[in-house]
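Asker: Just so it is clear, I am handing over coords08.cif, which has mmCIF, C-alpha atoms, pLDDT in the B column; chains and numbers go by the auth columns.
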data_query
#
loop_
_atom_site.group_PDB
_atom_site.id
_atom_site.type_symbol
_atom_site.label_atom_id
_atom_site.label_comp_id
_atom_site.label_asym_id
_atom_site.label_seq_id
_atom_site.Cartn_x
_atom_site.Cartn_y
_atom_site.Cartn_z
_atom_site.B_iso_or_equiv
_atom_site.auth_seq_id
_atom_site.auth_asym_id
ATOM 1 C CA LYS A 1 -9.168 21.395 53.579 52.00 1 A
ATOM 2 C CA THR A 2 -7.700 19.740 50.477 52.00 2 A
ATOM 3 C CA ALA A 3 -9.892 18.086 47.874 50.00 3 A
ATOM 4 C CA PRO A 4 -9.443 14.297 47.666 51.00 4 A
ATOM 5 C CA VAL A 5 -7.760 13.361 44.377 51.00 5 A
ATOM 6 C CA ALA A 6 -6.845 9.714 44.838 51.00 6 A
ATOM 7 C CA LYS A 7 -10.234 8.228 43.979 50.00 7 A
ATOM 8 C CA PRO A 8 -10.856 10.002 40.637 50.00 8 A
ATOM 9 C CA ALA A 9 -7.270 9.284 39.549 49.00 9 A
ATOM 10 C CA ALA A 10 -7.658 5.615 40.406 47.00 10 A
ATOM 11 C CA ALA A 11 -10.954 5.469 38.542 48.00 11 A
ATOM 12 C CA ALA A 12 -9.402 7.100 35.467 48.00 12 A
ATOM 13 C CA ALA A 13 -6.502 4.660 35.527 49.00 13 A
ATOM 14 C CA ALA A 14 -8.882 1.706 35.694 49.00 14 A
ATOM 15 C CA ALA A 15 -11.111 2.889 32.843 50.00 15 A
ATOM 16 C CA PRO A 16 -8.947 1.735 29.879 51.00 16 A
ATOM 17 C CA GLU A 17 -8.740 -1.775 31.353 49.00 17 A
ATOM 18 C CA ALA A 18 -12.488 -1.993 31.649 47.00 18 A
ATOM 19 C CA LYS A 19 -12.818 -0.981 27.980 48.00 19 A
ATOM 20 C CA GLU A 20 -10.383 -3.657 26.815 49.00 20 A
ATOM 21 C CA GLU A 21 -12.216 -6.383 28.704 49.00 21 A
ATOM 22 C CA LYS A 22 -15.459 -5.530 26.937 56.00 22 A
ATOM 23 C CA LYS A 23 -14.160 -6.262 23.417 59.00 23 A
ATOM 24 C CA PRO A 24 -15.551 -9.679 22.538 70.00 24 A
ATOM 25 C CA LYS A 25 -13.395 -12.226 20.740 78.00 25 A
ATOM 26 C CA VAL A 26 -14.789 -12.992 17.286 86.00 26 A
ATOM 27 C CA ASN A 27 -14.442 -16.515 15.928 90.00 27 A
ATOM 28 C CA TYR A 28 -13.952 -15.891 12.229 95.00 28 A
ATOM 29 C CA LEU A 29 -14.533 -18.505 9.529 94.00 29 A
ATOM 30 C CA THR A 30 -11.621 -20.401 7.968 95.00 30 A
ATOM 31 C CA LEU A 31 -10.325 -19.026 4.652 94.00 31 A
ATOM 32 C CA ASP A 32 -12.156 -21.658 2.595 95.00 32 A
ATOM 33 C CA GLU A 33 -15.357 -20.939 4.498 95.00 33 A
ATOM 34 C CA CYS A 34 -14.824 -17.216 3.841 96.00 34 A
ATOM 35 C CA GLY A 35 -14.653 -17.920 0.122 96.00 35 A
ATOM 36 C CA ASP A 36 -17.846 -19.982 0.146 97.00 36 A
ATOM 37 C CA LYS A 37 -19.657 -17.426 2.290 97.00 37 A
ATOM 38 C CA ALA A 38 -18.639 -14.538 0.005 97.00 38 A
ATOM 39 C CA LYS A 39 -20.143 -16.370 -2.989 97.00 39 A
ATOM 40 C CA ASN A 40 -23.350 -17.090 -1.076 97.00 40 A
ATOM 41 C CA VAL A 41 -23.649 -13.438 -0.039 98.00 41 A
ATOM 42 C CA LEU A 42 -23.480 -12.440 -3.714 97.00 42 A
ATOM 43 C CA LYS A 43 -25.993 -15.093 -4.773 97.00 43 A
ATOM 44 C CA GLU A 44 -28.445 -13.801 -2.176 97.00 44 A
ATOM 45 C CA TYR A 45 -27.821 -10.214 -3.275 97.00 45 A
ATOM 46 C CA PHE A 46 -28.396 -11.088 -6.946 97.00 46 A
ATOM 47 C CA VAL A 47 -31.823 -12.466 -6.016 96.00 47 A
ATOM 48 C CA GLY A 48 -32.912 -10.240 -3.129 94.00 48 A
ATOM 49 C CA GLY A 49 -31.059 -7.018 -3.903 93.00 49 A
ATOM 50 C CA ASP A 50 -30.512 -5.964 -0.278 96.00 50 A
ATOM 51 C CA MET A 51 -27.284 -3.974 -0.587 96.00 51 A
ATOM 52 C CA ASP A 52 -26.989 -3.039 3.098 97.00 52 A
ATOM 53 C CA ASP A 53 -27.364 -6.668 4.132 97.00 53 A
ATOM 54 C CA ALA A 54 -24.726 -7.802 1.607 97.00 54 A
ATOM 55 C CA VAL A 55 -22.222 -5.166 2.776 97.00 55 A
ATOM 56 C CA LEU A 56 -22.866 -6.001 6.442 97.00 56 A
ATOM 57 C CA SER A 57 -22.332 -9.714 5.719 97.00 57 A
ATOM 58 C CA ILE A 58 -18.978 -9.021 4.036 97.00 58 A
ATOM 59 C CA HIS A 59 -18.006 -6.715 6.911 97.00 59 A
ATOM 60 C CA GLU A 60 -18.732 -9.448 9.482 96.00 60 A
ATOM 61 C CA LEU A 61 -16.965 -12.029 7.327 96.00 61 A
ATOM 62 C CA VAL A 62 -13.707 -10.070 6.909 97.00 62 A
ATOM 63 C CA GLY A 63 -13.478 -8.093 10.164 95.00 63 A
ATOM 64 C CA ALA A 64 -11.181 -5.459 8.641 95.00 64 A
ATOM 65 C CA GLY A 65 -8.425 -4.467 11.044 92.00 65 A
ATOM 66 C CA ASP A 66 -8.619 -7.642 13.124 94.00 66 A
ATOM 67 C CA GLU A 67 -5.857 -10.242 12.938 94.00 67 A
ATOM 68 C CA GLY A 68 -6.032 -12.168 9.650 95.00 68 A
ATOM 69 C CA SER A 69 -8.410 -9.694 7.986 96.00 69 A
ATOM 70 C CA VAL A 70 -6.208 -9.193 4.900 97.00 70 A
ATOM 71 C CA GLU A 71 -6.204 -12.964 4.279 97.00 71 A
ATOM 72 C CA ARG A 72 -9.963 -13.238 4.826 97.00 72 A
ATOM 73 C CA GLY A 73 -10.542 -10.245 2.558 97.00 73 A
ATOM 74 C CA THR A 74 -8.274 -11.775 -0.082 98.00 74 A
ATOM 75 C CA LYS A 75 -10.331 -14.961 -0.072 98.00 75 A
ATOM 76 C CA ALA A 76 -13.593 -13.007 -0.224 98.00 76 A
ATOM 77 C CA VAL A 77 -12.338 -11.060 -3.268 98.00 77 A
ATOM 78 C CA GLU A 78 -10.779 -14.077 -5.008 98.00 78 A
ATOM 79 C CA SER A 79 -13.841 -16.326 -4.648 98.00 79 A
ATOM 80 C CA ALA A 80 -16.298 -13.587 -5.586 98.00 80 A
ATOM 81 C CA VAL A 81 -14.336 -12.588 -8.707 98.00 81 A
ATOM 82 C CA LEU A 82 -13.888 -16.192 -9.895 98.00 82 A
ATOM 83 C CA PHE A 83 -17.628 -16.688 -9.346 98.00 83 A
ATOM 84 C CA VAL A 84 -18.778 -13.619 -11.319 98.00 84 A
ATOM 85 C CA LEU A 85 -16.386 -14.267 -14.221 98.00 85 A
ATOM 86 C CA GLU A 86 -18.823 -17.003 -15.225 97.00 86 A
ATOM 87 C CA GLU A 87 -21.904 -14.827 -14.705 97.00 87 A
ATOM 88 C CA LYS A 88 -23.724 -12.376 -16.976 97.00 88 A
ATOM 89 C CA ALA A 89 -22.535 -8.772 -17.195 97.00 89 A
ATOM 90 C CA ALA A 90 -25.426 -7.489 -15.036 97.00 90 A
ATOM 91 C CA ASN A 91 -24.199 -9.631 -12.130 98.00 91 A
ATOM 92 C CA VAL A 92 -20.628 -8.383 -12.565 98.00 92 A
ATOM 93 C CA ASP A 93 -22.017 -4.847 -12.175 97.00 93 A
ATOM 94 C CA LYS A 94 -23.912 -5.908 -9.030 97.00 94 A
ATOM 95 C CA PHE A 95 -20.750 -7.469 -7.608 98.00 95 A
ATOM 96 C CA LEU A 96 -18.875 -4.223 -8.275 98.00 96 A
ATOM 97 C CA THR A 97 -21.578 -2.186 -6.538 97.00 97 A
ATOM 98 C CA VAL A 98 -21.181 -4.248 -3.348 98.00 98 A
ATOM 99 C CA TYR A 99 -17.401 -4.588 -3.359 98.00 99 A
ATOM 100 C CA LEU A 100 -16.679 -0.982 -4.328 98.00 100 A
ATOM 101 C CA ARG A 101 -18.804 0.121 -1.396 98.00 101 A
ATOM 102 C CA CYS A 102 -16.987 -2.327 0.895 98.00 102 A
ATOM 103 C CA ALA A 103 -13.682 -0.840 -0.242 97.00 103 A
ATOM 104 C CA LYS A 104 -14.873 2.747 0.153 97.00 104 A
ATOM 105 C CA GLU A 105 -16.136 2.020 3.683 97.00 105 A
ATOM 106 C CA LYS A 106 -12.874 0.178 4.551 96.00 106 A
ATOM 107 C CA LYS A 107 -14.693 -3.111 5.092 97.00 107 A
ATOM 108 C CA ILE A 108 -12.188 -4.795 2.762 97.00 108 A
ATOM 109 C CA GLU A 109 -8.589 -3.562 2.753 96.00 109 A
ATOM 110 C CA GLY A 110 -6.889 -2.472 -0.472 95.00 110 A
ATOM 111 C CA GLN A 111 -4.210 -5.147 -0.186 96.00 111 A
ATOM 112 C CA SER A 112 -6.926 -7.811 -0.211 98.00 112 A
ATOM 113 C CA PHE A 113 -8.060 -6.637 -3.654 98.00 113 A
ATOM 114 C CA VAL A 114 -4.521 -6.805 -5.049 97.00 114 A
ATOM 115 C CA LEU A 115 -3.890 -10.294 -3.621 97.00 115 A
ATOM 116 C CA GLY A 116 -7.411 -11.510 -4.372 98.00 116 A
ATOM 117 C CA LEU A 117 -6.965 -10.829 -8.090 98.00 117 A
ATOM 118 C CA ASN A 118 -3.915 -13.115 -8.420 97.00 118 A
ATOM 119 C CA ASP A 119 -5.796 -16.389 -8.993 97.00 119 A
ATOM 120 C CA PRO A 120 -8.400 -14.865 -11.347 98.00 120 A
ATOM 121 C CA LEU A 121 -5.520 -13.494 -13.461 97.00 121 A
ATOM 122 C CA GLU A 122 -3.504 -16.716 -13.359 96.00 122 A
ATOM 123 C CA PHE A 123 -6.438 -18.919 -14.360 96.00 123 A
ATOM 124 C CA LEU A 124 -8.157 -16.430 -16.673 96.00 124 A
ATOM 125 C CA ASN A 125 -7.604 -18.325 -19.920 94.00 125 A
ATOM 126 C CA ASP A 126 -8.760 -21.595 -18.320 95.00 126 A
ATOM 127 C CA VAL A 127 -11.954 -19.930 -17.069 96.00 127 A
ATOM 128 C CA ALA A 128 -12.496 -18.312 -20.473 96.00 128 A
ATOM 129 C CA ILE A 129 -12.661 -21.724 -22.190 96.00 129 A
ATOM 130 C CA ASP A 130 -16.099 -22.330 -20.667 95.00 130 A
ATOM 131 C CA ALA A 131 -16.968 -18.668 -19.978 97.00 131 A
ATOM 132 C CA PRO A 132 -15.923 -16.588 -23.013 95.00 132 A
ATOM 133 C CA LEU A 133 -16.928 -13.324 -21.303 97.00 133 A
ATOM 134 C CA ALA A 134 -14.455 -13.905 -18.453 98.00 134 A
ATOM 135 C CA ILE A 135 -11.728 -11.771 -20.071 97.00 135 A
ATOM 136 C CA PRO A 136 -13.877 -8.654 -20.695 97.00 136 A
ATOM 137 C CA HIS A 137 -15.516 -9.180 -17.280 98.00 137 A
ATOM 138 C CA LEU A 138 -12.150 -9.173 -15.472 98.00 138 A
ATOM 139 C CA ALA A 139 -10.918 -6.208 -17.542 98.00 139 A
ATOM 140 C CA ASN A 140 -14.044 -4.321 -16.460 98.00 140 A
ATOM 141 C CA ILE A 141 -13.606 -5.266 -12.779 98.00 141 A
ATOM 142 C CA ILE A 142 -9.964 -4.132 -12.719 98.00 142 A
ATOM 143 C CA ALA A 143 -10.799 -0.935 -14.626 98.00 143 A
ATOM 144 C CA GLU A 144 -13.437 0.002 -12.042 98.00 144 A
ATOM 145 C CA LEU A 145 -11.062 -0.742 -9.144 98.00 145 A
ATOM 146 C CA VAL A 146 -8.358 1.427 -10.744 97.00 146 A
ATOM 147 C CA LYS A 147 -10.834 4.255 -11.429 97.00 147 A
ATOM 148 C CA ALA A 148 -11.977 4.117 -7.801 97.00 148 A
ATOM 149 C CA GLU A 149 -8.280 4.243 -6.734 96.00 149 A
ATOM 150 C CA ILE A 150 -8.604 0.993 -4.776 97.00 150 A
ATOM 151 C CA ILE A 151 -5.727 -0.553 -6.720 97.00 151 A
ATOM 152 C CA SER A 152 -3.162 0.994 -9.071 97.00 152 A
ATOM 153 C CA PHE A 153 -2.851 -0.117 -12.692 97.00 153 A
ATOM 154 C CA ASN A 154 0.807 -1.048 -12.189 96.00 154 A
ATOM 155 C CA PHE A 155 -0.234 -3.904 -9.868 97.00 155 A
ATOM 156 C CA LEU A 156 -0.272 -5.953 -13.096 97.00 156 A
ATOM 157 C CA LEU A 157 3.543 -5.842 -13.011 97.00 157 A
ATOM 158 C CA GLU A 158 3.431 -7.867 -9.791 96.00 158 A
ATOM 159 C CA SER A 159 0.816 -10.325 -11.047 96.00 159 A
ATOM 160 C CA PRO A 160 1.561 -14.085 -11.244 96.00 160 A
ATOM 161 C CA ASP A 161 4.452 -15.071 -13.545 95.00 161 A
ATOM 162 C CA TYR A 162 2.284 -17.383 -15.643 94.00 162 A
ATOM 163 C CA PHE A 163 -0.176 -14.569 -16.370 95.00 163 A
ATOM 164 C CA ARG A 164 2.627 -12.218 -17.427 95.00 164 A
ATOM 165 C CA THR A 165 4.469 -14.720 -19.638 92.00 165 A
ATOM 166 C CA ASP A 166 1.726 -16.890 -21.140 91.00 166 A
ATOM 167 C CA GLN A 167 -1.615 -15.093 -21.005 89.00 167 A
ATOM 168 C CA ASN A 168 -1.255 -12.002 -23.196 93.00 168 A
ATOM 169 C CA ALA A 169 -0.824 -9.711 -20.183 97.00 169 A
ATOM 170 C CA ALA A 170 -0.007 -6.650 -22.298 97.00 170 A
ATOM 171 C CA GLY A 171 -3.113 -7.139 -24.428 97.00 171 A
ATOM 172 C CA PHE A 172 -5.193 -7.608 -21.303 97.00 172 A
ATOM 173 C CA GLY A 173 -3.717 -4.441 -19.788 98.00 173 A
ATOM 174 C CA ALA A 174 -4.665 -2.572 -22.959 97.00 174 A
ATOM 175 C CA LYS A 175 -8.261 -3.823 -22.612 97.00 175 A
ATOM 176 C CA VAL A 176 -8.320 -2.529 -19.029 98.00 176 A
ATOM 177 C CA LEU A 177 -7.159 0.914 -20.210 97.00 177 A
ATOM 178 C CA LYS A 178 -9.888 1.055 -22.838 96.00 178 A
ATOM 179 C CA ARG A 179 -12.438 0.193 -20.129 97.00 179 A
ATOM 180 C CA ILE A 180 -11.088 2.964 -17.903 97.00 180 A
ATOM 181 C CA GLY A 181 -11.664 5.393 -20.759 93.00 181 A
ATOM 182 C CA GLY A 182 -10.803 9.092 -20.836 93.00 182 A
ATOM 183 C CA ASP A 183 -7.090 9.702 -21.289 95.00 183 A
ATOM 184 C CA ALA A 184 -6.079 6.311 -19.856 96.00 184 A
ATOM 185 C CA THR A 185 -4.875 4.944 -23.213 95.00 185 A
ATOM 186 C CA THR A 186 -2.496 7.874 -23.704 95.00 186 A
ATOM 187 C CA LYS A 187 -1.316 8.327 -20.101 96.00 187 A
ATOM 188 C CA GLU A 188 2.451 7.882 -20.050 96.00 188 A
ATOM 189 C CA GLU A 189 2.629 5.927 -16.779 96.00 189 A
ATOM 190 C CA TYR A 190 -0.030 3.472 -18.030 97.00 190 A
ATOM 191 C CA ILE A 191 1.640 3.013 -21.421 97.00 191 A
ATOM 192 C CA GLU A 192 4.887 2.254 -19.569 97.00 192 A
ATOM 193 C CA VAL A 193 3.157 -0.571 -17.648 97.00 193 A
ATOM 194 C CA VAL A 194 1.856 -2.122 -20.884 97.00 194 A
ATOM 195 C CA GLU A 195 5.342 -1.786 -22.413 97.00 195 A
ATOM 196 C CA LYS A 196 6.865 -3.688 -19.479 97.00 196 A
ATOM 197 C CA LEU A 197 4.225 -6.415 -19.879 97.00 197 A
ATOM 198 C CA MET A 198 5.007 -6.919 -23.582 97.00 198 A
ATOM 199 C CA THR A 199 6.663 -10.238 -24.438 96.00 199 A
ATOM 200 C CA ASP A 200 9.137 -10.710 -27.321 95.00 200 A
ATOM 201 C CA GLU A 201 6.208 -11.997 -29.376 95.00 201 A
ATOM 202 C CA ASP A 202 4.239 -8.820 -28.636 95.00 202 A
ATOM 203 C CA LYS A 203 7.222 -6.697 -29.663 95.00 203 A
ATOM 204 C CA ALA A 204 7.517 -8.594 -32.954 96.00 204 A
ATOM 205 C CA LYS A 205 3.857 -7.869 -33.735 95.00 205 A
ATOM 206 C CA HIS A 206 3.637 -4.281 -32.477 95.00 206 A
ATOM 207 C CA SER A 207 6.058 -1.427 -33.013 95.00 207 A
ATOM 208 C CA SER A 208 5.236 0.063 -29.592 95.00 208 A
ATOM 209 C CA ALA A 209 3.003 -0.240 -26.536 96.00 209 A
ATOM 210 C CA ALA A 210 0.879 2.618 -27.894 95.00 210 A
ATOM 211 C CA ASP A 211 0.387 0.611 -31.088 95.00 211 A
ATOM 212 C CA LEU A 212 -0.638 -2.488 -29.110 96.00 212 A
ATOM 213 C CA ILE A 213 -3.112 -0.461 -27.028 96.00 213 A
ATOM 214 C CA ALA A 214 -4.646 1.085 -30.161 93.00 214 A
ATOM 215 C CA GLU A 215 -5.313 -2.376 -31.598 90.00 215 A
ATOM 216 C CA ALA A 216 -6.708 -3.938 -28.382 87.00 216 A
#
Could you rewrite the structure in this file as C-alpha cells?

Answerer:
Amino acid sequence: KTAPVAKPAAAAAAAPEAKEEKKPKVNYLTLDECGDKAKNVLKEYFVGGDMDDAVLSIHELVGAGDEGSVERGTKAVESAVLFVLEEKAANVDKFLTVYLRCAKEKKIEGQSFVLGLNDPLEFLNDVAIDAPLAIPHLANIIAELVKAEIISFNFLLESPDYFRTDQNAAGFGAKVLKRIGGDATTKEEYIEVVEKLMTDEDKAKHSSAADLIAEA
C-alpha cells in the first residue's frame, strides 16, 4: 500500500491563497486628513497622556509598509512639527516621546521624517515671527532625531533651497550640533556639513565653520 499524498499537497498549495484573501483592505485617510489627525492625536496626548493610545493612533493613521505609507507618514511628521513649533517646550518633549517611539517601532518610516521636515525648515523664519521659540524647538527636534539615528545630520544639505540660501542654515546647523552635545561640535563630518551650508555672507563673518559653530 502507498500512502496518499495528493490531498496534503493540494491543501498546502491552497494555504497561501487563503492567507492572502484574509488581509482586509484598509481605507486610509487623505494626506490632508492625516495631517489634521496627527495634530489631534498630539492634542489628546498633551491632555490625557496616554502614550500607548497615541502611538496606536499614529500606527493606524500611517500604516507603515502599506502603499502610500511614506507620504502619510510625511504628512503626520510635517503637521505635528509645525504644530509643536508654536507650543511650549514641554509639549515639544511630549511630541518627541511619541514620535521617537513610533520611529523605533517602525510605525513611521525614516524617509517620512526627512521629507516631513522640509516645510518646517522652509517656513521656519515665518513661524518664528509669531513663535520666537520655533527655531530652538526645531533645533532640538532635529538633534533628538539625529541622536536616535532616525535621520542623519547631513540631511540638511538636501533641505529646501530657500532654507539653505536665505534662512541662516549654517547657523541653524550649528545650533543643532550644540543640542546634540558631546563631541558633535568637533566631529569632522558634522563640521563639513556646516561648512557646505555656509553662504558667502557667513564666510565673510566667520573664518571657518568651526568658528561659526563656536559662536552659535

Asker: Which distance in Å separates atom CA of Met51 of chain A and atom CA of Arg72 of chain A, to one decimal?

Answerer: 20.4 Å

Asker: May I have the protein, DNA and RNA residues with any atom at most 10 Å from the point (-10.4, -3.7, -11.5), counting only C-alpha atoms, written as number ranges by chain?

Answerer: A: 96, 100, 113-114, 117, 137-153, 176, 179-180

Asker: To test your reading of the syntax: which residues would the PyMOL selection byres ((chain A and resi 163-170) around 7) return for the file shown? Reply as an mmCIF file with C-alpha atoms, in the coordinates of the input.

Answerer:
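The file below, result-v7.cif, is the result:
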data_model
loop_
_atom_site.group_PDB
_atom_site.id
_atom_site.type_symbol
_atom_site.label_atom_id
_atom_site.label_comp_id
_atom_site.auth_asym_id
_atom_site.auth_seq_id
_atom_site.Cartn_x
_atom_site.Cartn_y
_atom_site.Cartn_z
ATOM 1 C CA LEU A 121 -5.520 -13.494 -13.461
ATOM 2 C CA GLU A 122 -3.504 -16.716 -13.359
ATOM 3 C CA ASN A 125 -7.604 -18.325 -19.920
ATOM 4 C CA SER A 159 0.816 -10.325 -11.047
ATOM 5 C CA PRO A 160 1.561 -14.085 -11.244
ATOM 6 C CA ASP A 161 4.452 -15.071 -13.545
ATOM 7 C CA TYR A 162 2.284 -17.383 -15.643
ATOM 8 C CA GLY A 171 -3.113 -7.139 -24.428
ATOM 9 C CA PHE A 172 -5.193 -7.608 -21.303
ATOM 10 C CA GLY A 173 -3.717 -4.441 -19.788
ATOM 11 C CA ALA A 174 -4.665 -2.572 -22.959
ATOM 12 C CA VAL A 194 1.856 -2.122 -20.884
ATOM 13 C CA LEU A 197 4.225 -6.415 -19.879
ATOM 14 C CA MET A 198 5.007 -6.919 -23.582
ATOM 15 C CA THR A 199 6.663 -10.238 -24.438
#

Asker: What separation in Å, quoted to one decimal, exists between atom CA of Asp53 of chain A and atom CA of Cys102 of chain A?

Answerer: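 Between atom CA of Asp53 of chain A and atom CA of Cys102 of chain A the gap is 11.7 Å.
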
Asker: Identify which of the residues A:Glu189, A:Asp93, A:Glu158, A:Asp36 lies closest to Ala80 of chain A, counting all atoms listed in the file when measuring atom-to-atom distances.

Answerer: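 For Ala80 of chain A, the nearest of the candidates is A:Asp36.
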
Asker: Can you turn the PyMOL selection byres ((chain A and resi 24-33) around 12) into a concrete residue list for this file, as a PyMOL selection string?

Answerer: chain A and resi 19-23+34-40+58-64+66-79

Asker: Would you kindly translate the PyMOL selection byres ((chain A and resi 134) around 10) into the concrete residues it picks from this file, as a PyMOL selection string?

Answerer: chain A and resi 81-82+84-89+120+124-133+135-140

Asker: Please measure the separation of atom CA of Lys94 of chain A and atom CA of Phe46 of chain A, giving the value in Å to one decimal.

Answerer: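 Between these atoms lies a distance of 7.2 Å.
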
Asker: Between A:Asn91, A:Ala103, A:Tyr45, A:Ala214, which residue has the minimum interatomic distance to Ala184 of chain A, considering only C-alpha atoms?

Answerer: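 Checking each of A:Asn91, A:Ala103, A:Tyr45, A:Ala214 against Ala184 of chain A, counting only C-alpha atoms, the winner is A:Ala214.
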
Asker: Let me know the centre plus edge lengths, in Å and rounded to one decimal, of a box with edges along x, y and z that contains all listed atoms of segment 93-102 of chain A and is padded by 5 Å on every side, as AutoDock Vina command-line options.

Answerer:
--center_x -20.3 --center_y -3.7 --center_z -5.6 --size_x 17.2 --size_y 17.6 --size_z 23.1

Asker: Name the closest residue to Glu215 of chain A among the candidates A:Leu42, A:Leu177, A:Tyr190, A:Glu105; distances are taken between atoms, counting all atoms listed in the file.

Answerer: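 Closest residue, counting all atoms listed in the file: A:Leu177.
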
Asker: Taking (-1.8, -0.4, -31.5) as a centre in this file's frame and 12 Å as the limit, can you find every polymer residue with an atom that close, using only C-alpha atoms, and give them as a ChimeraX atom specification?

Answerer: /A:170-171,174-175,178,185-186,191,194-195,202-203,205-216
